[in-house]
file start_21.txt (compact mmCIF, C-alpha atoms)
# COMPACT_ATOMS: atom_id res chain seq x y z
CA MET U 8 103.26 87.07 115.02
CA ILE U 9 104.66 90.63 114.76
CA ILE U 10 102.80 93.92 115.02
CA TYR U 11 103.95 97.25 113.56
CA LYS U 12 101.63 99.88 115.05
CA ASN U 13 101.13 103.65 115.02
CA ILE U 14 102.77 103.93 111.59
CA ASN U 15 102.42 107.50 110.33
CA GLU U 16 101.54 106.32 106.83
CA ILE U 17 101.21 102.91 105.22
CA LEU U 18 101.28 102.80 101.43
CA THR U 19 99.03 99.78 100.94
CA LEU U 20 98.50 100.06 97.15
CA GLU U 21 95.29 98.10 97.74
CA ALA U 22 93.39 99.89 94.96
CA ALA U 23 96.32 99.44 92.55
CA GLN U 24 96.47 95.72 93.30
CA LYS U 25 92.73 95.37 92.65
CA LYS U 26 93.29 97.00 89.25
CA ASP U 27 96.18 94.62 88.47
CA GLY U 28 98.57 97.57 88.42
CA ARG U 29 96.93 99.05 85.31
CA ASN U 30 95.28 102.36 84.43
CA LEU U 31 96.27 103.77 87.79
CA LEU U 32 94.95 107.13 88.91
CA ALA U 33 96.38 109.45 91.54
CA GLU U 34 93.52 108.53 93.87
CA ASP U 35 94.52 104.83 93.72
CA ILE U 36 97.53 105.55 95.97
CA SER U 37 95.80 103.96 99.04
CA ILE U 38 97.55 105.54 102.02
CA LEU U 39 96.48 104.47 105.51
CA GLN U 40 97.35 106.97 108.25
CA HIS U 41 98.09 105.99 111.84
CA GLY U 42 97.94 102.37 110.75
CA THR U 43 98.98 98.95 111.96
CA ILE U 44 100.25 95.84 110.17
CA VAL U 45 99.93 92.42 111.81
CA PHE U 46 101.96 89.70 110.13
CA GLU U 47 103.53 86.29 110.51
CA GLU U 48 106.68 85.00 108.84
CA ASP U 49 105.13 84.42 105.42
CA GLU U 50 101.82 86.28 105.45
CA ILE U 51 100.17 89.58 106.33
CA VAL U 52 97.32 88.83 108.73
CA TRP U 53 95.65 92.21 109.26
CA VAL U 54 96.01 95.85 108.17
CA GLY U 55 93.99 98.64 109.71
CA ASP U 56 93.71 101.62 112.02
CA SER U 57 95.87 101.43 115.15
CA GLU U 58 92.84 102.16 117.32
CA ASN U 59 91.14 98.97 116.10
CA ILE U 60 93.77 96.26 116.46
CA PRO U 61 91.91 93.00 117.24
CA VAL U 62 92.57 91.93 120.84
CA GLU U 63 93.44 88.36 119.83
CA TYR U 64 96.38 89.62 117.77
CA LEU U 65 97.69 91.73 120.64
CA LYS U 66 97.56 88.63 122.86
CA LYS U 67 99.28 86.38 120.31
CA ALA U 68 101.97 88.80 119.12
CA LYS U 69 105.54 87.87 119.97
CA THR U 70 106.80 91.35 119.02
CA VAL U 71 105.03 94.73 119.01
CA LYS U 72 106.92 97.68 117.53
CA ASP U 73 105.77 101.29 117.70
CA LEU U 74 106.58 102.94 114.36
CA GLU U 75 105.39 106.44 115.04
CA GLY U 76 107.54 108.70 112.86
CA TYR U 77 107.92 106.09 110.12
CA VAL U 78 106.38 105.34 106.73
CA VAL U 79 105.99 101.75 105.50
CA THR U 80 105.63 100.86 101.80
CA PRO U 81 105.52 97.59 99.91
CA GLU U 82 109.06 96.36 99.39
CA ILE U 83 110.88 98.13 96.58
CA VAL U 84 111.94 95.74 93.82
CA ASP U 85 114.71 96.41 91.31
CA SER U 86 113.69 94.05 88.52
CA HIS U 87 116.56 94.74 86.08
CA THR U 88 120.26 94.94 87.02
CA HIS U 89 123.58 93.74 85.65
CA LEU U 90 125.42 94.14 88.94
CA ILE U 91 127.84 91.22 88.62
CA PHE U 92 130.82 92.51 86.65
CA GLY U 93 134.52 93.27 86.89
CA GLY U 94 136.46 96.28 85.66
CA ASN U 95 135.61 99.95 85.38
CA ARG U 96 134.36 102.07 82.46
CA ALA U 97 134.50 105.58 83.91
CA ASN U 98 136.71 106.68 81.03
CA GLU U 99 133.92 105.87 78.57
CA TYR U 100 131.53 108.25 80.31
CA GLN U 101 134.11 111.00 79.93
CA MET U 102 134.57 110.11 76.26
CA ARG U 103 130.80 110.18 75.73
CA LEU U 104 130.48 113.60 77.35
CA ASN U 105 133.21 114.81 75.02
CA GLY U 106 131.29 113.65 71.96
CA ALA U 107 132.49 110.10 71.28
CA ASP U 108 129.89 107.70 69.88
CA TYR U 109 129.53 103.96 70.54
CA GLU U 110 131.77 102.98 67.61
CA GLU U 111 134.59 105.27 68.75
CA ILE U 112 134.36 103.91 72.28
CA ALA U 113 134.38 100.33 70.97
CA LYS U 114 137.45 101.03 68.81
CA ALA U 115 139.20 102.36 71.92
CA GLY U 116 138.59 99.00 73.61
CA GLY U 117 135.42 99.99 75.44
CA GLY U 118 131.87 98.69 75.51
CA ILE U 119 130.68 95.27 76.64
CA VAL U 120 133.98 93.75 75.47
CA ALA U 121 135.82 95.84 78.07
CA THR U 122 133.53 94.59 80.84
CA SER U 123 133.84 91.03 79.53
CA ASN U 124 137.63 91.26 79.80
CA GLY U 125 137.39 92.85 83.23
CA THR U 126 134.96 90.21 84.46
CA ASN U 127 136.92 87.26 83.11
CA ASN U 128 140.10 88.59 84.72
CA THR U 129 138.49 88.95 88.15
CA SER U 130 138.56 86.06 90.64
CA ASP U 131 135.45 84.47 92.11
CA GLU U 132 136.08 85.99 95.53
CA GLN U 133 136.74 89.44 94.12
CA LEU U 134 133.49 89.29 92.12
CA LEU U 135 131.56 88.07 95.16
CA ASP U 136 133.02 90.78 97.38
CA SER U 137 132.16 93.53 94.90
CA CYS U 138 128.63 92.13 94.46
CA ARG U 139 128.10 91.90 98.21
CA GLU U 140 129.04 95.56 98.53
CA ARG U 141 126.69 96.55 95.68
CA ILE U 142 123.79 94.50 97.03
CA LYS U 143 124.17 95.96 100.54
CA ARG U 144 124.29 99.47 99.13
CA ILE U 145 121.19 98.89 96.99
CA ALA U 146 119.40 97.39 100.00
CA SER U 147 120.27 100.48 102.05
CA TYR U 148 117.91 102.50 99.78
CA GLY U 149 114.98 100.30 100.82
CA VAL U 150 115.23 97.75 97.98
CA GLY U 151 114.58 94.19 99.18
CA THR U 152 114.29 92.20 95.94
CA ILE U 153 117.03 92.51 93.34
CA GLU U 154 117.23 90.86 89.93
CA VAL U 155 120.81 90.03 88.86
CA LYS U 156 121.73 89.01 85.30
CA SER U 157 124.73 87.10 84.02
CA GLY U 158 126.01 88.11 80.60
CA TYR U 159 129.41 89.77 80.91
CA SER U 160 131.59 86.71 80.36
CA LEU U 161 130.28 85.57 76.95
CA SER U 162 131.85 82.11 77.10
CA PHE U 163 130.51 78.73 78.21
CA GLU U 164 132.67 78.37 81.32
CA GLY U 165 132.52 82.06 82.14
CA GLU U 166 128.74 82.31 81.99
CA LEU U 167 128.44 79.10 83.99
CA ARG U 168 130.67 80.70 86.61
CA MET U 169 128.56 83.89 86.65
CA THR U 170 125.33 81.93 87.09
CA LYS U 171 126.74 79.88 89.96
CA LEU U 172 128.10 83.00 91.68
CA ILE U 173 124.68 84.67 91.49
CA ALA U 174 123.18 81.50 92.98
CA LYS U 175 125.71 81.71 95.82
CA LEU U 176 124.73 85.33 96.49
CA LYS U 177 121.05 84.37 96.41
CA GLU U 178 121.58 81.75 99.10
CA GLU U 179 123.78 84.04 101.17
CA PHE U 180 121.36 87.00 101.30
CA SER U 181 118.10 85.05 101.65
CA PRO U 182 115.58 85.68 103.13
CA ASP U 183 116.28 89.32 104.05
CA ILE U 184 117.16 90.23 100.47
CA GLN U 185 115.66 88.22 97.61
CA ILE U 186 118.05 87.75 94.68
CA PHE U 187 116.43 86.78 91.37
CA ASN U 188 118.96 84.87 89.21
CA THR U 189 118.58 85.67 85.49
CA PHE U 190 120.52 83.64 82.93
CA MET U 191 121.65 85.97 80.12
CA PRO U 192 124.62 84.80 78.07
CA ALA U 193 122.68 86.11 75.04
CA HIS U 194 123.76 89.65 75.96
CA ALA U 195 126.15 90.37 73.11
CA LEU U 196 128.00 88.47 70.39
CA PRO U 197 131.64 87.72 71.19
CA LYS U 198 134.14 88.78 68.53
CA SER U 199 135.07 85.13 68.01
CA TYR U 200 131.62 84.44 66.52
CA ASP U 201 130.34 85.69 63.18
CA SER U 202 126.67 84.80 63.71
CA THR U 203 124.24 84.78 66.60
CA GLN U 204 122.85 81.45 65.39
CA LYS U 205 126.23 79.76 65.90
CA TYR U 206 126.69 81.38 69.32
CA MET U 207 123.19 80.31 70.38
CA ASP U 208 123.80 76.74 69.18
CA GLU U 209 127.29 76.37 70.65
CA ILE U 210 127.12 78.37 73.87
CA VAL U 211 123.71 79.64 74.99
CA ILE U 212 121.50 76.60 74.43
CA PRO U 213 124.01 73.93 75.58
CA LEU U 214 124.70 76.01 78.68
CA LEU U 215 120.99 76.32 79.41
CA HIS U 216 120.70 72.53 79.19
CA GLU U 217 123.51 72.29 81.75
CA VAL U 218 122.28 74.85 84.29
CA ALA U 219 118.52 74.25 84.10
CA PRO U 220 118.63 70.86 85.92
CA LEU U 221 120.62 72.51 88.75
CA ASN U 222 117.51 74.55 89.66
CA ILE U 223 119.56 77.68 90.32
CA ILE U 224 118.18 80.05 87.66
CA ASP U 225 114.89 81.89 87.96
CA CYS U 226 114.59 83.22 84.42
CA VAL U 227 116.28 83.56 81.02
CA ASP U 228 116.84 86.84 79.19
CA ILE U 229 118.08 87.93 75.77
CA PHE U 230 119.03 91.21 74.10
CA HIS U 231 116.52 91.25 71.24
CA GLU U 232 117.81 94.11 69.12
CA GLN U 233 119.13 94.92 65.66
CA GLY U 234 122.83 94.05 65.63
CA TYR U 235 122.42 91.71 68.63
CA PHE U 236 119.93 88.81 68.72
CA ASP U 237 116.97 88.42 66.38
CA SER U 238 113.45 87.03 66.71
CA GLU U 239 114.52 83.49 65.83
CA ASP U 240 117.15 83.56 68.57
CA VAL U 241 114.50 84.69 71.06
CA LYS U 242 112.10 81.93 70.01
CA LYS U 243 114.86 79.31 70.25
CA LEU U 244 115.80 80.39 73.78
CA ALA U 245 112.16 80.58 74.87
CA LEU U 246 111.40 77.10 73.54
CA VAL U 247 114.21 75.44 75.48
CA ALA U 248 113.45 77.45 78.61
CA GLN U 249 109.82 76.38 78.36
CA GLU U 250 110.89 72.72 78.35
CA TYR U 251 112.32 73.30 81.82
CA GLY U 252 109.51 75.53 83.05
CA ILE U 253 111.79 78.56 83.23
CA PRO U 254 110.20 81.94 82.43
CA LEU U 255 111.46 84.44 79.88
CA LYS U 256 112.39 88.12 80.04
CA THR U 257 113.64 90.19 77.08
CA HIS U 258 115.46 93.42 76.30
CA ALA U 259 113.44 94.92 73.44
CA ASP U 260 112.81 97.94 71.22
CA GLU U 261 115.69 99.97 72.64
CA PHE U 262 117.31 101.18 69.40
CA ASN U 263 114.39 100.69 67.01
CA ASP U 264 110.92 99.18 66.97
CA ASN U 265 111.67 95.62 65.86
CA LYS U 266 108.38 94.42 67.40
CA GLY U 267 110.29 92.94 70.33
CA ALA U 268 107.56 93.87 72.81
CA ILE U 269 104.96 92.09 70.66
CA LEU U 270 107.09 88.94 70.47
CA ALA U 271 107.70 88.99 74.23
CA CYS U 272 103.94 89.10 74.82
CA GLU U 273 103.31 86.28 72.35
CA LEU U 274 105.89 84.16 74.17
CA GLY U 275 104.38 84.92 77.57
CA ALA U 276 107.43 86.72 78.94
CA LEU U 277 107.39 87.96 82.52
CA SER U 278 108.58 91.35 81.30
CA THR U 279 110.06 93.12 78.33
CA ASP U 280 112.45 95.94 79.14
CA HIS U 281 113.74 99.25 77.69
CA LEU U 282 110.91 99.96 75.17
CA LEU U 283 112.27 103.33 74.04
CA CYS U 284 110.98 102.73 70.52
CA THR U 285 107.86 100.64 71.15
CA THR U 286 104.97 101.97 69.07
CA GLU U 287 101.19 101.79 69.31
CA ASP U 288 100.79 98.15 68.27
CA GLY U 289 103.34 97.04 70.88
CA ILE U 290 101.63 99.09 73.59
CA LYS U 291 98.26 97.57 72.67
CA LYS U 292 99.72 94.06 72.84
CA LEU U 293 101.30 94.76 76.24
CA ALA U 294 98.00 96.10 77.56
CA GLU U 295 96.28 92.86 76.53
CA SER U 296 98.95 90.58 78.01
CA LYS U 297 100.39 89.66 81.41
CA THR U 298 103.86 90.78 80.29
CA VAL U 299 105.14 93.71 82.34
CA ALA U 300 106.42 96.76 80.46
CA THR U 301 109.63 97.79 82.22
CA VAL U 302 111.22 101.17 81.54
CA LEU U 303 114.80 101.97 82.49
CA PRO U 304 115.05 105.76 82.85
CA GLY U 305 118.62 105.76 84.13
CA THR U 306 119.91 104.37 80.85
CA GLY U 307 118.36 107.12 78.78
CA ILE U 308 119.60 109.80 81.18
CA PHE U 309 123.09 108.29 81.39
CA LEU U 310 123.44 107.98 77.61
CA GLY U 311 121.55 111.14 76.71
CA LYS U 312 119.01 109.13 74.71
CA PRO U 313 115.28 109.78 74.21
CA LYS U 314 113.08 108.46 77.00
CA ALA U 315 110.51 105.68 76.74
CA ASP U 316 106.90 106.81 76.48
CA ALA U 317 106.03 105.60 79.97
CA LYS U 318 102.90 107.73 80.19
CA GLN U 319 101.45 106.17 77.04
CA LEU U 320 102.35 102.71 78.34
CA ALA U 321 100.74 103.39 81.73
CA ASP U 322 97.67 105.19 80.40
CA GLY U 323 97.30 102.58 77.67
CA GLY U 324 96.63 99.83 80.20
CA CYS U 325 100.08 98.23 80.45
CA LYS U 326 101.57 97.02 83.72
CA LEU U 327 104.35 99.61 84.01
CA ALA U 328 107.47 98.81 86.03
CA ILE U 329 110.52 100.98 86.58
CA ALA U 330 114.00 99.48 87.13
CA SER U 331 117.53 100.82 87.43
CA ASP U 332 119.40 98.82 84.75
CA TYR U 333 122.44 99.26 87.02
CA ASN U 334 125.47 98.24 84.95
CA PRO U 335 129.03 99.42 84.29
CA GLY U 336 128.51 100.97 80.88
CA SER U 337 125.11 102.51 80.22
CA CYS U 338 123.75 103.27 83.71
CA HIS U 339 126.20 103.32 86.57
CA CYS U 340 123.50 104.38 89.06
CA ASP U 341 122.22 101.82 91.56
CA ASN U 342 119.63 103.97 93.37
CA LEU U 343 116.25 102.98 91.93
CA LEU U 344 114.27 105.24 94.26
CA LEU U 345 116.32 108.24 93.17
CA LEU U 346 115.87 107.35 89.49
CA ALA U 347 112.12 106.84 89.92
CA SER U 348 111.76 110.18 91.74
CA ILE U 349 113.65 111.97 88.96
CA CYS U 350 111.89 110.24 86.08
CA ALA U 351 108.29 110.60 87.32
CA PRO U 352 107.99 114.26 86.25
CA MET U 353 109.91 113.51 83.03
CA TYR U 354 107.51 110.70 82.21
CA LYS U 355 104.51 112.68 83.49
CA ILE U 356 103.33 109.72 85.55
CA ASN U 357 101.45 110.13 88.83
CA MET U 358 102.54 109.00 92.30
CA THR U 359 100.52 105.80 92.17
CA GLN U 360 102.06 104.80 88.83
CA MET U 361 105.53 105.57 90.15
CA TRP U 362 105.17 103.62 93.39
CA ALA U 363 103.43 100.68 91.72
CA GLY U 364 106.24 100.74 89.16
CA ILE U 365 108.89 100.00 91.76
CA THR U 366 106.81 97.71 93.99
CA LEU U 367 103.67 95.94 92.74
CA ASN U 368 104.45 95.81 89.02
CA ALA U 369 108.18 95.39 89.56
CA ALA U 370 107.42 92.32 91.68
CA ALA U 371 105.30 90.93 88.83
CA ALA U 372 108.28 91.51 86.49
CA VAL U 373 110.18 88.89 88.49
CA GLY U 374 107.21 86.56 88.87
CA LYS U 375 106.39 87.46 92.47
CA TYR U 376 102.64 88.01 92.48
CA ASP U 377 102.18 87.68 96.25
CA GLN U 378 104.05 90.85 97.20
CA GLY U 379 104.00 94.50 96.18
CA ALA U 380 100.96 95.55 98.21
CA ILE U 381 100.32 95.65 101.94
CA ILE U 382 97.13 93.64 102.08
CA LYS U 383 95.91 90.51 103.83
CA ARG U 384 97.50 87.22 102.67
CA PHE U 385 100.34 88.93 100.78
CA LYS U 386 103.91 88.34 101.90
CA PRO U 387 105.21 90.75 104.56
CA ARG U 388 107.88 92.31 102.35
CA PHE U 389 108.17 95.97 103.38
CA SER U 390 110.40 99.01 102.92
CA ILE U 391 110.55 101.31 105.94
CA PHE U 392 111.46 105.01 105.95
CA LYS U 393 112.20 107.39 108.83
CA THR U 394 109.87 110.19 107.83
CA ASN U 395 106.32 111.32 108.49
CA THR U 396 104.82 111.22 105.00
CA ILE U 397 105.21 109.26 101.78
CA SER U 398 105.61 112.52 99.86
CA GLU U 399 108.88 113.27 101.68
CA ILE U 400 110.49 110.16 100.21
CA THR U 401 110.24 111.28 96.58
CA TYR U 402 110.60 114.98 97.43
CA ASN U 403 114.08 114.48 98.90
CA TRP U 404 116.04 113.44 95.81
CA GLY U 405 119.16 111.55 96.76
CA ARG U 406 118.51 111.72 100.52
CA ASN U 407 118.31 108.22 101.92
CA LEU U 408 115.44 107.94 104.40
CA ALA U 409 115.26 104.12 104.38
CA VAL U 410 116.02 102.16 107.53
CA ASP U 411 117.06 98.56 108.10
CA LYS U 412 114.05 96.55 109.33
CA ASN U 413 116.31 94.84 111.84
CA SER U 414 117.26 98.18 113.41
CA ILE U 415 113.80 99.32 114.46

call {"tool": "encode", "arguments": {"input": "start_21.txt", "output": "structure tokens"}}
result
Amino acid sequence: MIIYKNINEILTLEAAQKKDGRNLLAEDISILQHGTIVFEEDEIVWVGDSENIPVEYLKKAKTVKDLEGYVVTPEIVDSHTHLIFGGNRANEYQMRLNGADYEEIAKAGGGIVATSNGTNNTSDEQLLDSCRERIKRIASYGVGTIEVKSGYSLSFEGELRMTKLIAKLKEEFSPDIQIFNTFMPAHALPKSYDSTQKYMDEIVIPLLHEVAPLNIIDCVDIFHEQGYFDSEDVKKLALVAQEYGIPLKTHADEFNDNKGAILACELGALSTDHLLCTTEDGIKKLAESKTVATVLPGTGIFLGKPKADAKQLADGGCKLAIASDYNPGSCHCDNLLLLASICAPMYKINMTQMWAGITLNAAAAVGKYDQGAIIKRFKPRFSIFKTNTISEITYNWGRNLAVDKNSI
């Protein structure tokens, strides 16, 4: 048993958890001042005022830590990243700033094809080393659960390699950092294929049949978008994944409203992500479903695209999550807390919606329903900051106030 006591502020999100992360008001923030958390390895035992710690816990505790001058929040979760890749696309960002569009960049050898070439030409150890560095840097911001997608190899052997490397990272960083392994060879269509149906039948589905029995993937994902993969491709992937009991996530409604959010809800997806073009019927469907609506503000900012209507999603009763979409081409920013702090005023969402978006609802987006709030019986997954108030964390854009739990 461990006790953290005299914490300046604890963001419990108790009220948000009771409301299932929906229709959150500013007053649902649930901040406990001068608080204490009593926990064991896998479960929070007690949360309350430091003056009222039950005597039996003080007697049983193996470790008691005084956290005066600190703030503790539910663990921050980045539920959407593409952090395993090789190569560099800095030149594309320069081209984009100078007016080049996607087609011009692609003709110059850029885009996902460039990252595919870079990834396929990078050794296992080089990829692992770069991923280790990225994961450690992301964790330094206070993020403790990180989703990682395959999808930059676009071949059978290459995607198999990516999936196994993510599994290796998951084992290596557990339990301090939880890696969520998402299988996503349906990310783009290789130039060697003239139809998504053929690519699905020859690469994606056979590969899923191969990796599913290995029990190393946590989810499947697909880029459901005009010019990428269509509704039939999504249904085909979901059907096979369901046979193995593997949940679904989707990229949807980024370029146009192709009713991707609606389909994701109908298929029981954990989350559907991007949603820049989701309209009223999609929002209504999300509000009625368990599927988390994940917005990726960094992508819109990075590409200079319109933003998702996060306020309408949140106020409409959807479970709103916020993720980084960290990747080499459309959002080369790995700091989710920075992105959330910047996007909250853009989206006109309140503090409760923002914090639930990167903790409680983000955890639900990766199927972890027993974390994301600091309440009894939830897992003791925390983020800790060296500051006196929760407001300082979002006020100080880009200033890293997070501390390593093992250092306190």

call {"tool": "closest_residue", "arguments": {"input": "start_21.txt", "among": "U:Asn265, U:Thr152, U:Asn124, U:Thr306", "to": "Phe92 (chain U)", "atoms": "all atoms listed in the file"}}
result
U:Asn124

call {"tool": "atom_distance", "arguments": {"input": "start_21.txt", "atom1": "CA of Glu295 (chain U)", "atom2": "CA of Ala372 (chain U)"}}
result
15.7 Å

call {"tool": "closest_residue", "arguments": {"input": "start_21.txt", "among": "U:Thr19, U:Thr203, U:Thr394, U:Asn222", "to": "Glu82 (chain U)", "atoms": "only C-alpha atoms"}}
result
U:Thr19

call {"tool": "atom_distance", "arguments": {"input": "start_21.txt", "atom1": "CA of Gly323 (chain U)", "atom2": "CA of Ala294 (chain U)"}}
result
6.5 Å

call {"tool": "axis_aligned_box", "arguments": {"input": "start_21.txt", "around": "region 167-186 of chain U", "padding_each_side": "3 Å", "output": "AutoDock Vina command-line options"}}
result
--center_x 123.1 --center_y 84.7 --center_z 94.0 --size_x 21.1 --size_y 17.1 --size_z 26.1

call {"tool": "atom_distance", "arguments": {"input": "start_21.txt", "atom1": "CA of Pro352 (chain U)", "atom2": "CA of Ala300 (chain U)"}}
result
18.5 Å

call {"tool": "residues_around", "arguments": {"input": "start_21.txt", "residues": "Gly364 (chain U)", "least_positions_apart": "5", "cutoff": "12 Å", "atoms": "all atoms listed in the file", "output": "PyMOL selection string"}}
result
chain U and resi 20+23-24+27-29+31+81-86+299-304+317-318+320-321+325-331+343-344+346-348+350-351+356-359+369-372+379-380

call {"tool": "closest_residue", "arguments": {"input": "start_21.txt", "among": "U:Ala245, U:Ile223, U:Ile14, U:Leu176", "to": "Met207 (chain U)", "atoms": "all atoms listed in the file"}}
result
U:Ala245

call {"tool": "decode", "arguments": {"input": "start_21.txt", "residues": "region 74-82 of chain U", "atoms": "all heavy atoms", "output": "JSON list (two decimals), in the first residue's frame"}}
result
[["chain", "number", "residue", "atom", "x", "y", "z"],
["U", 74, "LEU", "N", 3.32, 15.07, -0.89],
["U", 74, "LEU", "CA", 3.32, 15.74, -2.19],
["U", 74, "LEU", "C", 2.82, 17.18, -2.09],
["U", 74, "LEU", "O", 2.13, 17.67, -3.00],
["U", 74, "LEU", "CB", 2.49, 14.95, -3.20],
["U", 74, "LEU", "CG", 3.02, 13.57, -3.60],
["U", 74, "LEU", "CD1", 2.25, 13.03, -4.78],
["U", 74, "LEU", "CD2", 4.50, 13.60, -3.90],
["U", 75, "GLU", "N", 3.18, 17.83, -1.00],
["U", 75, "GLU", "CA", 2.88, 19.26, -0.94],
["U", 75, "GLU", "C", 3.67, 19.97, -2.04],
["U", 75, "GLU", "O", 4.86, 19.71, -2.24],
["U", 75, "GLU", "CB", 3.26, 19.83, 0.42],
["U", 75, "GLU", "CG", 2.88, 21.28, 0.59],
["U", 75, "GLU", "CD", 3.18, 21.83, 1.97],
["U", 75, "GLU", "OE1", 3.67, 21.04, 2.84],
["U", 75, "GLU", "OE2", 2.93, 23.03, 2.20],
["U", 76, "GLY", "N", 2.99, 20.84, -2.79],
["U", 76, "GLY", "CA", 3.64, 21.51, -3.91],
["U", 76, "GLY", "C", 3.47, 20.78, -5.23],
["U", 76, "GLY", "O", 4.10, 21.14, -6.23],
["U", 77, "TYR", "N", 2.60, 19.76, -5.23],
["U", 77, "TYR", "CA", 2.34, 18.99, -6.45],
["U", 77, "TYR", "C", 0.84, 18.95, -6.76],
["U", 77, "TYR", "O", 0.00, 19.11, -5.87],
["U", 77, "TYR", "CB", 2.83, 17.55, -6.32],
["U", 77, "TYR", "CG", 4.33, 17.40, -6.25],
["U", 77, "TYR", "CD1", 5.00, 17.52, -5.03],
["U", 77, "TYR", "CD2", 5.09, 17.14, -7.38],
["U", 77, "TYR", "CE1", 6.38, 17.38, -4.95],
["U", 77, "TYR", "CE2", 6.47, 16.98, -7.32],
["U", 77, "TYR", "CZ", 7.10, 17.11, -6.11],
["U", 77, "TYR", "OH", 8.47, 16.98, -6.04],
["U", 78, "VAL", "N", 0.54, 18.70, -8.03],
["U", 78, "VAL", "CA", -0.82, 18.43, -8.48],
["U", 78, "VAL", "C", -0.84, 17.03, -9.09],
["U", 78, "VAL", "O", 0.09, 16.66, -9.82],
["U", 78, "VAL", "CB", -1.27, 19.47, -9.53],
["U", 78, "VAL", "CG1", -2.55, 19.03, -10.25],
["U", 78, "VAL", "CG2", -1.47, 20.84, -8.89],
["U", 79, "VAL", "N", -1.87, 16.26, -8.78],
["U", 79, "VAL", "CA", -2.01, 14.91, -9.34],
["U", 79, "VAL", "C", -3.30, 14.85, -10.16],
["U", 79, "VAL", "O", -4.36, 15.28, -9.70],
["U", 79, "VAL", "CB", -2.04, 13.84, -8.24],
["U", 79, "VAL", "CG1", -2.23, 12.44, -8.84],
["U", 79, "VAL", "CG2", -0.76, 13.89, -7.42],
["U", 80, "THR", "N", -3.19, 14.35, -11.39],
["U", 80, "THR", "CA", -4.35, 14.18, -12.27],
["U", 80, "THR", "C", -4.46, 12.72, -12.67],
["U", 80, "THR", "O", -3.51, 11.95, -12.52],
["U", 80, "THR", "CB", -4.21, 15.03, -13.55],
["U", 80, "THR", "OG1", -3.22, 14.42, -14.41],
["U", 80, "THR", "CG2", -3.81, 16.47, -13.23],
["U", 81, "PRO", "N", -5.60, 12.31, -13.21],
["U", 81, "PRO", "CA", -5.64, 10.99, -13.84],
["U", 81, "PRO", "C", -4.58, 10.95, -14.94],
["U", 81, "PRO", "O", -4.23, 11.98, -15.53],
["U", 81, "PRO", "CB", -7.05, 10.93, -14.43],
["U", 81, "PRO", "CG", -7.85, 11.91, -13.65],
["U", 81, "PRO", "CD", -6.90, 13.01, -13.32],
["U", 82, "GLU", "N", -4.07, 9.78, -15.20],
["U", 82, "GLU", "CA", -3.01, 9.64, -16.20],
["U", 82, "GLU", "C", -3.47, 10.15, -17.57],
["U", 82, "GLU", "O", -4.56, 9.83, -18.04],
["U", 82, "GLU", "CB", -2.62, 8.17, -16.33],
["U", 82, "GLU", "CG", -1.52, 7.89, -17.32],
["U", 82, "GLU", "CD", -1.16, 6.44, -17.34],
["U", 82, "GLU", "OE1", -1.84, 5.64, -18.03],
["U", 82, "GLU", "OE2", -0.20, 6.07, -16.63]]
